[in-house]
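K.L.:
File name query12.cif; file contents mmCIF, C-alpha atoms; full text below.
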data_data
#
loop_
_atom_site.group_PDB
_atom_site.id
_atom_site.type_symbol
_atom_site.label_atom_id
_atom_site.label_comp_id
_atom_site.auth_asym_id
_atom_site.auth_seq_id
_atom_site.Cartn_x
_atom_site.Cartn_y
_atom_site.Cartn_z
ATOM 1 C CA MET A 1 -23.669 -33.385 -73.348
ATOM 2 C CA PHE A 2 -22.304 -32.722 -76.875
ATOM 3 C CA LYS A 3 -21.583 -29.066 -76.014
ATOM 4 C CA THR A 4 -18.655 -28.372 -78.324
ATOM 5 C CA ARG A 5 -16.888 -25.216 -79.464
ATOM 6 C CA VAL A 6 -19.356 -25.069 -82.351
ATOM 7 C CA CYS A 7 -22.224 -24.493 -79.912
ATOM 8 C CA SER A 8 -20.580 -21.477 -78.315
ATOM 9 C CA LEU A 9 -19.222 -20.172 -81.623
ATOM 10 C CA LEU A 10 -22.660 -20.154 -83.243
ATOM 11 C CA ASN A 11 -24.788 -19.638 -80.113
ATOM 12 C CA ILE A 12 -26.754 -22.847 -80.649
ATOM 13 C CA ASP A 13 -27.927 -25.620 -78.332
ATOM 14 C CA TYR A 14 -26.804 -28.601 -80.410
ATOM 15 C CA PRO A 15 -23.822 -28.840 -82.786
ATOM 16 C CA ILE A 16 -26.060 -29.519 -85.779
ATOM 17 C CA MET A 17 -26.139 -27.339 -88.893
ATOM 18 C CA GLN A 18 -28.516 -27.593 -91.819
ATOM 19 C CA GLY A 19 -26.931 -27.592 -95.245
ATOM 20 C CA GLY A 20 -27.372 -24.513 -97.451
ATOM 21 C CA MET A 21 -29.106 -26.268 -100.331
ATOM 22 C CA ALA A 22 -29.937 -24.041 -103.299
ATOM 23 C CA TRP A 23 -33.679 -23.791 -104.094
ATOM 24 C CA VAL A 24 -34.357 -26.072 -101.111
ATOM 25 C CA ALA A 25 -33.081 -24.350 -97.970
ATOM 26 C CA ASP A 26 -35.324 -21.312 -97.628
ATOM 27 C CA GLY A 27 -36.136 -18.991 -94.752
ATOM 28 C CA ILE A 28 -38.845 -21.257 -93.398
ATOM 29 C CA LEU A 29 -36.575 -24.289 -93.083
ATOM 30 C CA ALA A 30 -33.676 -22.234 -91.729
ATOM 31 C CA ALA A 31 -35.868 -20.685 -89.036
ATOM 32 C CA ALA A 32 -37.281 -24.075 -88.048
ATOM 33 C CA VAL A 33 -33.812 -25.574 -87.574
ATOM 34 C CA SER A 34 -32.628 -22.576 -85.570
ATOM 35 C CA ASN A 35 -35.750 -22.626 -83.393
ATOM 36 C CA ALA A 36 -35.082 -26.316 -82.695
ATOM 37 C CA GLY A 37 -31.620 -25.533 -81.326
ATOM 38 C CA GLY A 38 -29.484 -26.099 -84.398
ATOM 39 C CA LEU A 39 -28.302 -23.649 -87.030
ATOM 40 C CA GLY A 40 -30.520 -23.136 -90.040
ATOM 41 C CA ILE A 41 -28.983 -21.916 -93.277
ATOM 42 C CA ILE A 42 -30.554 -20.243 -96.308
ATOM 43 C CA GLY A 43 -29.092 -21.526 -99.568
ATOM 44 C CA ALA A 44 -28.413 -18.584 -101.882
ATOM 45 C CA GLY A 45 -27.184 -20.727 -104.772
ATOM 46 C CA HIS A 46 -27.448 -18.803 -108.028
ATOM 47 C CA ALA A 47 -30.612 -16.986 -106.962
ATOM 48 C CA PRO A 48 -30.767 -13.227 -107.590
ATOM 49 C CA PRO A 49 -30.332 -10.966 -104.552
ATOM 50 C CA GLU A 50 -34.010 -9.977 -104.340
ATOM 51 C CA VAL A 51 -34.953 -13.637 -103.870
ATOM 52 C CA VAL A 52 -32.337 -14.164 -101.146
ATOM 53 C CA GLU A 53 -33.368 -10.938 -99.422
ATOM 54 C CA LYS A 54 -36.949 -12.156 -99.134
ATOM 55 C CA GLU A 55 -35.760 -15.401 -97.551
ATOM 56 C CA ILE A 56 -33.573 -13.540 -95.040
ATOM 57 C CA GLU A 57 -36.529 -11.348 -94.086
ATOM 58 C CA LYS A 58 -38.728 -14.428 -93.812
ATOM 59 C CA ALA A 59 -36.268 -16.163 -91.484
ATOM 60 C CA MET A 60 -35.935 -13.024 -89.352
ATOM 61 C CA SER A 61 -39.717 -12.909 -88.967
ATOM 62 C CA LEU A 62 -39.855 -16.561 -87.850
ATOM 63 C CA THR A 63 -36.933 -16.831 -85.428
ATOM 64 C CA LYS A 64 -35.025 -14.648 -82.992
ATOM 65 C CA ARG A 65 -32.149 -17.101 -83.005
ATOM 66 C CA SER A 66 -29.041 -17.103 -85.177
ATOM 67 C CA PHE A 67 -29.274 -18.428 -88.722
ATOM 68 C CA GLY A 68 -26.926 -18.399 -91.665
ATOM 69 C CA VAL A 69 -26.688 -17.886 -95.417
ATOM 70 C CA ASN A 70 -24.685 -20.117 -97.731
ATOM 71 C CA ILE A 71 -22.973 -18.127 -100.481
ATOM 72 C CA MET A 72 -22.116 -19.963 -103.676
ATOM 73 C CA LEU A 73 -18.998 -18.073 -104.715
ATOM 74 C CA LEU A 74 -19.387 -19.008 -108.394
ATOM 75 C CA SER A 75 -22.736 -17.219 -108.486
ATOM 76 C CA PRO A 76 -22.828 -14.069 -110.618
ATOM 77 C CA PHE A 77 -24.598 -12.453 -107.666
ATOM 78 C CA ALA A 78 -21.990 -13.312 -105.017
ATOM 79 C CA ASP A 79 -21.016 -9.663 -104.455
ATOM 80 C CA GLU A 80 -24.641 -8.665 -103.924
ATOM 81 C CA ILE A 81 -25.318 -11.561 -101.558
ATOM 82 C CA VAL A 82 -22.301 -10.559 -99.451
ATOM 83 C CA ASN A 83 -23.713 -7.037 -99.263
ATOM 84 C CA LEU A 84 -27.087 -8.387 -98.161
ATOM 85 C CA VAL A 85 -25.507 -10.462 -95.411
ATOM 86 C CA VAL A 86 -23.718 -7.409 -94.072
ATOM 87 C CA GLU A 87 -26.778 -5.183 -94.404
ATOM 88 C CA TYR A 88 -29.007 -7.604 -92.488
ATOM 89 C CA LYS A 89 -26.262 -8.564 -90.039
ATOM 90 C CA VAL A 90 -26.681 -12.287 -90.680
ATOM 91 C CA LYS A 91 -24.761 -14.078 -87.935
ATOM 92 C CA VAL A 92 -23.242 -16.969 -89.895
ATOM 93 C CA VAL A 93 -22.033 -17.449 -93.459
ATOM 94 C CA THR A 94 -21.009 -20.699 -95.067
ATOM 95 C CA THR A 95 -19.338 -20.630 -98.462
ATOM 96 C CA GLY A 96 -18.828 -23.075 -101.297
ATOM 97 C CA ALA A 97 -17.343 -23.308 -104.799
ATOM 98 C CA GLY A 98 -14.257 -21.228 -104.194
ATOM 99 C CA SER A 99 -12.362 -19.195 -101.623
ATOM 100 C CA PRO A 100 -14.102 -16.413 -99.675
ATOM 101 C CA GLY A 101 -10.760 -14.620 -99.245
ATOM 102 C CA LYS A 102 -11.719 -11.360 -100.930
ATOM 103 C CA TYR A 103 -14.875 -11.129 -98.839
ATOM 104 C CA MET A 104 -13.449 -12.301 -95.522
ATOM 105 C CA ASP A 105 -12.783 -8.961 -93.845
ATOM 106 C CA LYS A 106 -16.164 -7.565 -94.846
ATOM 107 C CA LEU A 107 -18.104 -10.656 -93.785
ATOM 108 C CA LYS A 108 -16.351 -10.906 -90.435
ATOM 109 C CA THR A 109 -17.641 -7.499 -89.409
ATOM 110 C CA VAL A 110 -21.023 -9.166 -88.816
ATOM 111 C CA ALA A 111 -20.732 -12.948 -89.215
ATOM 112 C CA ARG A 112 -18.890 -16.126 -88.385
ATOM 113 C CA VAL A 113 -17.440 -17.394 -91.656
ATOM 114 C CA ILE A 114 -17.380 -21.148 -92.237
ATOM 115 C CA PRO A 115 -16.162 -22.349 -95.654
ATOM 116 C CA VAL A 116 -17.060 -25.810 -96.941
ATOM 117 C CA VAL A 117 -13.889 -27.724 -97.831
ATOM 118 C CA ALA A 118 -13.131 -31.049 -99.490
ATOM 119 C CA SER A 119 -9.417 -31.367 -98.737
ATOM 120 C CA VAL A 120 -6.839 -30.815 -96.010
ATOM 121 C CA ALA A 121 -4.994 -28.226 -98.098
ATOM 122 C CA LEU A 122 -8.101 -26.103 -98.521
ATOM 123 C CA ALA A 123 -8.970 -26.401 -94.815
ATOM 124 C CA LYS A 124 -5.514 -25.132 -93.859
ATOM 125 C CA ARG A 125 -5.814 -22.293 -96.331
ATOM 126 C CA MET A 126 -9.190 -21.273 -94.897
ATOM 127 C CA GLN A 127 -7.746 -21.212 -91.384
ATOM 128 C CA GLN A 128 -4.906 -18.998 -92.595
ATOM 129 C CA ILE A 129 -7.262 -16.400 -94.075
ATOM 130 C CA GLY A 130 -9.359 -16.195 -90.915
ATOM 131 C CA ALA A 131 -12.186 -18.732 -91.152
ATOM 132 C CA ASP A 132 -13.929 -19.356 -87.824
ATOM 133 C CA ALA A 133 -14.490 -23.052 -88.610
ATOM 134 C CA VAL A 134 -14.691 -25.333 -91.643
ATOM 135 C CA VAL A 135 -17.218 -27.847 -92.897
ATOM 136 C CA ALA A 136 -15.334 -30.948 -94.073
ATOM 137 C CA GLU A 137 -17.664 -32.390 -96.678
ATOM 138 C CA GLY A 138 -17.232 -35.934 -97.933
ATOM 139 C CA LEU A 139 -18.220 -37.313 -101.316
ATOM 140 C CA GLU A 140 -21.301 -38.973 -99.783
ATOM 141 C CA SER A 141 -23.011 -35.577 -99.784
ATOM 142 C CA GLY A 142 -25.682 -34.492 -102.212
ATOM 143 C CA GLY A 143 -25.041 -31.729 -104.718
ATOM 144 C CA HIS A 144 -21.501 -30.576 -105.501
ATOM 145 C CA ILE A 145 -18.910 -32.885 -103.983
ATOM 146 C CA GLY A 146 -15.196 -33.519 -103.625
ATOM 147 C CA GLU A 147 -13.219 -36.749 -104.019
ATOM 148 C CA ILE A 148 -12.643 -37.946 -100.427
ATOM 149 C CA SER A 149 -15.105 -39.798 -98.216
ATOM 150 C CA THR A 150 -16.275 -38.316 -94.935
ATOM 151 C CA MET A 151 -14.678 -41.143 -92.953
ATOM 152 C CA ALA A 152 -11.257 -40.377 -94.435
ATOM 153 C CA LEU A 153 -11.543 -36.596 -94.755
ATOM 154 C CA VAL A 154 -12.799 -35.522 -91.332
ATOM 155 C CA PRO A 155 -10.004 -36.916 -89.113
ATOM 156 C CA GLN A 156 -7.320 -35.624 -91.476
ATOM 157 C CA VAL A 157 -8.821 -32.136 -91.471
ATOM 158 C CA ALA A 158 -9.306 -32.258 -87.687
ATOM 159 C CA ASP A 159 -5.615 -33.085 -87.273
ATOM 160 C CA ALA A 160 -4.540 -30.330 -89.660
ATOM 161 C CA VAL A 161 -6.336 -27.275 -88.256
ATOM 162 C CA ASP A 162 -6.991 -25.729 -84.855
ATOM 163 C CA ILE A 163 -10.380 -24.219 -85.663
ATOM 164 C CA PRO A 164 -13.535 -26.329 -85.192
ATOM 165 C CA VAL A 165 -14.344 -28.900 -87.869
ATOM 166 C CA ILE A 166 -17.937 -29.691 -88.829
ATOM 167 C CA ALA A 167 -18.500 -32.992 -90.633
ATOM 168 C CA ALA A 168 -20.840 -33.326 -93.603
ATOM 169 C CA GLY A 169 -21.761 -36.171 -95.902
ATOM 170 C CA GLY A 170 -23.571 -39.387 -95.019
ATOM 171 C CA ILE A 171 -24.979 -38.211 -91.670
ATOM 172 C CA ALA A 172 -28.677 -38.517 -90.864
ATOM 173 C CA ASP A 173 -29.057 -40.068 -87.422
ATOM 174 C CA GLY A 174 -27.477 -40.380 -83.988
ATOM 175 C CA ARG A 175 -25.014 -43.002 -85.186
ATOM 176 C CA GLY A 176 -23.599 -40.714 -87.852
ATOM 177 C CA PHE A 177 -23.566 -37.757 -85.478
ATOM 178 C CA LEU A 178 -21.617 -39.640 -82.830
ATOM 179 C CA ALA A 179 -19.267 -41.157 -85.417
ATOM 180 C CA ALA A 180 -18.441 -37.676 -86.692
ATOM 181 C CA LEU A 181 -17.528 -36.547 -83.171
ATOM 182 C CA ALA A 182 -15.390 -39.651 -82.743
ATOM 183 C CA LEU A 183 -13.516 -38.710 -85.930
ATOM 184 C CA GLY A 184 -12.605 -35.328 -84.473
ATOM 185 C CA ALA A 185 -15.458 -33.134 -85.684
ATOM 186 C CA GLU A 186 -17.171 -30.775 -83.247
ATOM 187 C CA GLY A 187 -20.454 -30.704 -85.096
ATOM 188 C CA VAL A 188 -22.280 -31.978 -88.156
ATOM 189 C CA GLN A 189 -23.986 -30.486 -91.164
ATOM 190 C CA MET A 190 -26.909 -32.365 -92.689
ATOM 191 C CA GLY A 191 -28.797 -31.672 -95.883
ATOM 192 C CA THR A 192 -30.754 -34.695 -97.054
ATOM 193 C CA ARG A 193 -32.193 -35.443 -93.598
ATOM 194 C CA PHE A 194 -33.628 -31.925 -93.411
ATOM 195 C CA ILE A 195 -35.126 -32.156 -96.906
ATOM 196 C CA LEU A 196 -37.257 -34.950 -95.486
ATOM 197 C CA SER A 197 -38.752 -32.739 -92.799
ATOM 198 C CA GLU A 198 -42.222 -31.262 -92.527
ATOM 199 C CA GLU A 199 -40.926 -27.694 -92.634
ATOM 200 C CA CYS A 200 -38.963 -28.130 -95.847
ATOM 201 C CA THR A 201 -40.980 -26.487 -98.628
ATOM 202 C CA VAL A 202 -39.386 -28.393 -101.504
ATOM 203 C CA HIS A 203 -41.883 -29.926 -103.951
ATOM 204 C CA PRO A 204 -43.545 -33.120 -102.610
ATOM 205 C CA ASN A 205 -42.334 -35.032 -105.671
ATOM 206 C CA TYR A 206 -38.748 -34.313 -104.591
ATOM 207 C CA LYS A 207 -39.383 -35.700 -101.118
ATOM 208 C CA GLN A 208 -41.029 -38.811 -102.521
ATOM 209 C CA ALA A 209 -38.064 -39.421 -104.850
ATOM 210 C CA LEU A 210 -35.765 -39.382 -101.813
ATOM 211 C CA LEU A 211 -38.030 -41.645 -99.761
ATOM 212 C CA LYS A 212 -38.072 -44.193 -102.594
ATOM 213 C CA ALA A 213 -34.289 -44.095 -103.074
ATOM 214 C CA LYS A 214 -32.193 -47.026 -101.898
ATOM 215 C CA ASP A 215 -28.517 -47.270 -101.044
ATOM 216 C CA ARG A 216 -27.330 -47.399 -104.682
ATOM 217 C CA ASP A 217 -29.819 -44.936 -106.153
ATOM 218 C CA THR A 218 -27.573 -41.886 -106.325
ATOM 219 C CA VAL A 219 -24.961 -41.234 -108.987
ATOM 220 C CA VAL A 220 -22.298 -38.595 -109.621
ATOM 221 C CA THR A 221 -22.674 -36.527 -112.777
ATOM 222 C CA GLY A 222 -20.475 -33.820 -114.289
ATOM 223 C CA LEU A 223 -17.115 -35.375 -113.466
ATOM 224 C CA SER A 224 -15.662 -34.185 -116.761
ATOM 225 C CA THR A 225 -16.634 -30.577 -116.035
ATOM 226 C CA GLY A 226 -14.663 -30.392 -112.796
ATOM 227 C CA HIS A 227 -17.886 -29.800 -110.862
ATOM 228 C CA PRO A 228 -19.142 -33.300 -109.952
ATOM 229 C CA THR A 229 -22.642 -33.434 -108.512
ATOM 230 C CA ARG A 230 -24.417 -36.235 -106.648
ATOM 231 C CA VAL A 231 -28.044 -36.748 -107.676
ATOM 232 C CA VAL A 232 -30.749 -39.385 -107.560
ATOM 233 C CA LYS A 233 -30.723 -41.531 -110.713
ATOM 234 C CA ASN A 234 -33.300 -40.435 -113.294
ATOM 235 C CA ARG A 235 -33.580 -39.594 -116.992
ATOM 236 C CA LEU A 236 -31.469 -36.457 -116.645
ATOM 237 C CA ALA A 237 -28.695 -38.371 -114.874
ATOM 238 C CA ARG A 238 -28.697 -40.987 -117.638
ATOM 239 C CA GLU A 239 -28.543 -38.243 -120.259
ATOM 240 C CA PHE A 240 -25.576 -36.700 -118.461
ATOM 241 C CA ALA A 241 -23.797 -40.073 -118.362
ATOM 242 C CA LEU A 242 -24.378 -40.643 -122.075
ATOM 243 C CA LYS A 243 -23.134 -37.209 -123.087
ATOM 244 C CA GLU A 244 -20.049 -37.504 -120.886
ATOM 245 C CA LYS A 245 -19.300 -40.887 -122.473
ATOM 246 C CA GLN A 246 -19.606 -39.253 -125.881
ATOM 247 C CA GLY A 247 -17.091 -36.627 -124.801
ATOM 248 C CA VAL A 248 -19.255 -33.551 -125.301
ATOM 249 C CA SER A 249 -17.903 -30.195 -124.164
ATOM 250 C CA ALA A 250 -18.194 -28.890 -120.618
ATOM 251 C CA GLU A 251 -20.233 -25.998 -121.992
ATOM 252 C CA GLU A 252 -22.822 -28.376 -123.449
ATOM 253 C CA LEU A 253 -23.044 -30.248 -120.157
ATOM 254 C CA GLU A 254 -23.453 -27.004 -118.239
ATOM 255 C CA GLU A 255 -26.268 -26.039 -120.587
ATOM 256 C CA LEU A 256 -27.920 -29.415 -120.057
ATOM 257 C CA GLY A 257 -27.886 -28.878 -116.298
ATOM 258 C CA SER A 258 -28.975 -25.243 -116.332
ATOM 259 C CA GLY A 259 -32.168 -24.667 -114.357
ATOM 260 C CA LYS A 260 -32.644 -28.356 -113.633
ATOM 261 C CA LEU A 261 -32.342 -28.095 -109.841
ATOM 262 C CA TYR A 262 -35.068 -25.453 -109.765
ATOM 263 C CA ALA A 263 -37.213 -27.659 -112.018
ATOM 264 C CA ALA A 264 -36.949 -30.551 -109.562
ATOM 265 C CA ALA A 265 -37.042 -28.667 -106.262
ATOM 266 C CA ARG A 266 -39.720 -26.097 -107.040
ATOM 267 C CA GLU A 267 -41.654 -27.458 -110.014
ATOM 268 C CA GLY A 268 -41.548 -31.145 -109.077
ATOM 269 C CA ASP A 269 -39.897 -32.486 -112.240
ATOM 270 C CA VAL A 270 -38.053 -35.445 -110.737
ATOM 271 C CA VAL A 271 -37.603 -37.137 -114.125
ATOM 272 C CA GLY A 272 -35.937 -34.417 -116.140
ATOM 273 C CA GLY A 273 -34.792 -32.295 -113.212
ATOM 274 C CA SER A 274 -31.750 -32.531 -110.962
ATOM 275 C CA VAL A 275 -32.721 -34.291 -107.719
ATOM 276 C CA MET A 276 -29.679 -33.585 -105.577
ATOM 277 C CA ALA A 277 -29.366 -35.839 -102.534
ATOM 278 C CA GLY A 278 -26.740 -37.646 -100.512
ATOM 279 C CA GLN A 279 -26.060 -41.356 -100.385
ATOM 280 C CA ILE A 280 -27.690 -41.438 -96.962
ATOM 281 C CA CYS A 281 -31.156 -40.960 -98.503
ATOM 282 C CA GLY A 282 -31.570 -44.742 -98.563
ATOM 283 C CA LEU A 283 -31.496 -44.707 -94.757
ATOM 284 C CA ILE A 284 -34.284 -42.157 -94.303
ATOM 285 C CA LYS A 285 -37.775 -43.636 -94.262
ATOM 286 C CA ASP A 286 -39.949 -40.840 -92.882
ATOM 287 C CA ILE A 287 -40.848 -37.171 -92.963
ATOM 288 C CA LYS A 288 -41.048 -35.578 -89.526
ATOM 289 C CA PRO A 289 -40.800 -32.153 -87.888
ATOM 290 C CA VAL A 290 -37.370 -30.549 -87.736
ATOM 291 C CA GLY A 291 -37.540 -30.465 -83.944
ATOM 292 C CA LYS A 292 -38.041 -34.210 -83.804
ATOM 293 C CA VAL A 293 -35.221 -34.807 -86.295
ATOM 294 C CA ILE A 294 -32.789 -33.023 -83.991
ATOM 295 C CA LYS A 295 -34.212 -34.463 -80.775
ATOM 296 C CA ASP A 296 -34.057 -38.030 -82.116
ATOM 297 C CA ILE A 297 -30.444 -37.605 -83.243
ATOM 298 C CA ILE A 298 -29.307 -36.273 -79.886
ATOM 299 C CA GLU A 299 -31.205 -38.929 -77.916
ATOM 300 C CA GLU A 300 -29.902 -41.758 -80.093
ATOM 301 C CA ALA A 301 -26.355 -40.428 -79.803
ATOM 302 C CA ARG A 302 -26.665 -40.269 -76.010
ATOM 303 C CA MET A 303 -27.879 -43.862 -75.835
ATOM 304 C CA ILE A 304 -25.098 -45.116 -78.092
ATOM 305 C CA SER A 305 -22.516 -43.149 -76.121
ATOM 306 C CA GLN A 306 -23.677 -44.758 -72.880
ATOM 307 C CA SER A 307 -23.613 -48.202 -74.470
ATOM 308 C CA LEU A 308 -20.074 -47.649 -75.685
ATOM 309 C CA ASN A 309 -19.015 -46.489 -72.233
ATOM 310 C CA ASN A 310 -20.455 -49.701 -70.800
ATOM 311 C CA LEU A 311 -18.732 -51.747 -73.478
ATOM 312 C CA ALA A 312 -15.421 -50.133 -72.589
ATOM 313 C CA GLY A 313 -15.909 -51.358 -69.040
#
Any chance you could give the structure as structure tokens?

P.N.:
Amino acid sequence: MFKTRVCSLLNIDYPIMQGGMAWVADGILAAAVSNAGGLGIIGAGHAPPEVVEKEIEKAMSLTKRSFGVNIMLLSPFADEIVNLVVEYKVKVVTTGAGSPGKYMDKLKTVARVIPVVASVALAKRMQQIGADAVVAEGLESGGHIGEISTMALVPQVADAVDIPVIAAGGIADGRGFLAALALGAEGVQMGTRFILSEECTVHPNYKQALLKAKDRDTVVTGLSTGHPTRVVKNRLAREFALKEKQGVSAEELEELGSGKLYAAAREGDVVGGSVMAGQICGLIKDIKPVGKVIKDIIEEARMISQSLNNLAG
């Protein structure tokens, strides 16, 4: 049950991918997700290549299964990260913040390439340049986001392309997983749910901030810069809002945000750091092993599917 094209494409048991969250998604988390039957992903973010290389080696030492690397195309190290992926023959690459067009041929010599998209137009463009699938990411997601909700985006993308669509944004349990499939997706990508797992090595303060968050406790910052980001409300988010209201330059806002994700994720500064998380964090009330996260989602989805079949008569 739930064996979609994504499972065969990525050689995984369940059509569940873990989001490539910068400074959060390391080799340990990626390996744990892959070992549990999903696809783990190392978030390269803006990290230098030597840091990403260590995480790739770590994941390779912890799992024999496929895992991926997310390449942030705006990173000054994007070229080097692409070279690392090819050198280590990483099986899957997801990309964000731009088009992977110039890297596509090189990446496809070793990997399945799955860009993250926030619009139908971009999804169609990615199919044209050879993407193996796309992640349709709604504005409910944590971190950098687009303008369309998952509920509206996923079915439109699914109708527009022939390659598999993976839904992201606002998914953390069996209900969300099954809803995504009903919308036309053939898999899901989750970030926030996997932050609240035992294997995630993010600072405990970060996890506690997410556990405390309620349904209205995230906010979007950086709208005026063209790079909106969803975070948990804190002092930094309020400072961003004030400066944007004052009309400060994009450069000043970028400077304000520089290094703040690392400060929150690795140093535990959840007051002055950037605590990126999706709107779904208000739904998550526990920290449990990655294997149980995936098992519970699949079991809940099976039960709901059977109930719906009964309801349909």

K.L.:
At a cut-off of 10 Å, using only C-alpha atoms, what residues contact A:Phe77? Leave out same-chain residues fewer than 6 positions from it and give the result as a list of chain:residue names.

P.N.:
A:Ala44, A:Gly45, A:His46, A:Ala47, A:Pro48, A:Pro49, A:Ile71

K.L.:
Please expand the PyMOL selection byres ((chain A and resi 35-40) around 7) into the concrete residues it hits in this file, giving the result as a PDB file with C-alpha atoms, in the frame of the given file.

P.N.:
ATOM      1  CA  ILE A  12     -26.754 -22.847 -80.649  1.00  0.00           C
ATOM      2  CA  ASP A  13     -27.927 -25.620 -78.332  1.00  0.00           C
ATOM      3  CA  TYR A  14     -26.804 -28.601 -80.410  1.00  0.00           C
ATOM      4  CA  PRO A  15     -23.822 -28.840 -82.786  1.00  0.00           C
ATOM      5  CA  ILE A  16     -26.060 -29.519 -85.779  1.00  0.00           C
ATOM      6  CA  MET A  17     -26.139 -27.339 -88.893  1.00  0.00           C
ATOM      7  CA  GLN A  18     -28.516 -27.593 -91.819  1.00  0.00           C
ATOM      8  CA  LEU A  29     -36.575 -24.289 -93.083  1.00  0.00           C
ATOM      9  CA  ALA A  30     -33.676 -22.234 -91.729  1.00  0.00           C
ATOM     10  CA  ALA A  31     -35.868 -20.685 -89.036  1.00  0.00           C
ATOM     11  CA  ALA A  32     -37.281 -24.075 -88.048  1.00  0.00           C
ATOM     12  CA  VAL A  33     -33.812 -25.574 -87.574  1.00  0.00           C
ATOM     13  CA  SER A  34     -32.628 -22.576 -85.570  1.00  0.00           C
ATOM     14  CA  ILE A  41     -28.983 -21.916 -93.277  1.00  0.00           C
ATOM     15  CA  ILE A  42     -30.554 -20.243 -96.308  1.00  0.00           C
ATOM     16  CA  THR A  63     -36.933 -16.831 -85.428  1.00  0.00           C
ATOM     17  CA  ARG A  65     -32.149 -17.101 -83.005  1.00  0.00           C
ATOM     18  CA  SER A  66     -29.041 -17.103 -85.177  1.00  0.00           C
ATOM     19  CA  PHE A  67     -29.274 -18.428 -88.722  1.00  0.00           C
ATOM     20  CA  GLY A  68     -26.926 -18.399 -91.665  1.00  0.00           C
ATOM     21  CA  VAL A 290     -37.370 -30.549 -87.736  1.00  0.00           C
ATOM     22  CA  GLY A 291     -37.540 -30.465 -83.944  1.00  0.00           C
TER      23      GLY A 291
END

K.L.:
Of the residues A:Ala277, A:Leu62, A:Val120, A:Val161, which is the one nearest to A:Asp215, using all atoms listed in the file?

P.N.:
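Counting all atoms listed in the file, the residue closest to A:Asp215 is A:Ala277.
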
K.L.:
Convert the output of the PyMOL selection byres ((chain A and resi 93-109) around 8) on the shown file into explicit residues, formatted as a ChimeraX atom specification.

P.N.:
/A:20,68-74,82,85-86,90-92,110-117,126,129-131

K.L.:
I need the output of the PyMOL selection byres ((chain A and resi 289) around 9) for this file as an MDAnalysis selection string; which residues are they?

P.N.:
chainID A and resid 32 196:199 287:288 290:294

K.L.:
What lies within 8 Å of A:Gly146 using all atoms listed in the file, ignoring chain neighbours under 2 positions off, as a list in words?

P.N.:
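So the residues in contact are Ala118, Ser119, Glu137, Gly138, Leu139, His144, Ile148 and Pro228 of chain A.
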
K.L.:
Could you list, with a cut-off of 10 Å and counting only C-alpha atoms, the residues of stretch 150-214 of chain A near stretch 297-305 of chain A, each shown with its nearest atom pair and the distance in Å rounded to one decimal, rows sorted by chain and ascending number, as a tab-separated table?

P.N.:
residue	atom	partner	partner_atom	distance
A:Ala172	CA	A:Ile297	CA	7.9
A:Asp173	CA	A:Ile297	CA	5.0
A:Gly174	CA	A:Ile297	CA	4.1
A:Arg175	CA	A:Ala301	CA	6.1
A:Gly176	CA	A:Ala301	CA	8.5
A:Phe177	CA	A:Ala301	CA	6.9
A:Leu178	CA	A:Ala301	CA	5.7
A:Ala179	CA	A:Ala301	CA	9.1

K.L.:
Skipping near chain neighbours, those fewer than 6 positions away, what residues fall within 9 Å of A:Ile163 using all atoms listed in the file, listed as a short mmCIF file (atom, residue, chain, number, x, y, z; two decimals) with C-alpha atoms, in the frame of the given file?

P.N.:
data_model
loop_
_atom_site.label_atom_id
_atom_site.label_comp_id
_atom_site.auth_asym_id
_atom_site.auth_seq_id
_atom_site.Cartn_x
_atom_site.Cartn_y
_atom_site.Cartn_z
CA GLN A 127 -7.75 -21.21 -91.38
CA ALA A 131 -12.19 -18.73 -91.15
CA ASP A 132 -13.93 -19.36 -87.82
CA ALA A 133 -14.49 -23.05 -88.61
CA VAL A 134 -14.69 -25.33 -91.64
#

K.L.:
Starting from 6 Å padding per side, set up an axis-aligned box that covers all listed atoms of stretch 188-197 of chain A and hand over centre and edge lengths in Å, one decimal, as lines of an AutoDock Vina configuration file.

P.N.:
center_x = -30.5
center_y = -33.0
center_z = -92.6
size_x = 28.5
size_y = 17.0
size_z = 20.9

K.L.:
Need to verify the contact set: A:Tyr206, 9 Å, all atoms listed in the file, exclusion of same-chain residues closer than 3 positions in sequence. Can you return it as a PDB file with C-alpha atoms, in the frame of the given file?

P.N.:
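This is the output file out-v2.pdb:
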ATOM      1  CA  ILE A 195     -35.126 -32.156 -96.906  1.00  0.00           C
ATOM      2  CA  VAL A 202     -39.386 -28.393-101.504  1.00  0.00           C
ATOM      3  CA  HIS A 203     -41.883 -29.926-103.951  1.00  0.00           C
ATOM      4  CA  ALA A 209     -38.064 -39.421-104.850  1.00  0.00           C
ATOM      5  CA  LEU A 210     -35.765 -39.382-101.813  1.00  0.00           C
ATOM      6  CA  LEU A 211     -38.030 -41.645 -99.761  1.00  0.00           C
ATOM      7  CA  ALA A 264     -36.949 -30.551-109.562  1.00  0.00           C
ATOM      8  CA  ALA A 265     -37.042 -28.667-106.262  1.00  0.00           C
ATOM      9  CA  ARG A 266     -39.720 -26.097-107.040  1.00  0.00           C
ATOM     10  CA  GLY A 268     -41.548 -31.145-109.077  1.00  0.00           C
ATOM     11  CA  ASP A 269     -39.897 -32.486-112.240  1.00  0.00           C
ATOM     12  CA  VAL A 270     -38.053 -35.445-110.737  1.00  0.00           C
ATOM     13  CA  VAL A 275     -32.721 -34.291-107.719  1.00  0.00           C
TER      14      VAL A 275
END

K.L.:
Quick check, in Å to one decimal: how far apart do atom CA of A:Lys58 and atom CA of A:Ile28 lie?

P.N.:
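Going from atom CA of A:Lys58 over to atom CA of A:Ile28, I get 6.8 Å.
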
K.L.:
Could you tell me how far atom CA of A:Glu57 sits from atom CA of A:Phe194, in Å to one decimal place?

P.N.:
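Calculated distance between atom CA of A:Phe194 and atom CA of A:Glu57 is 20.8 Å.
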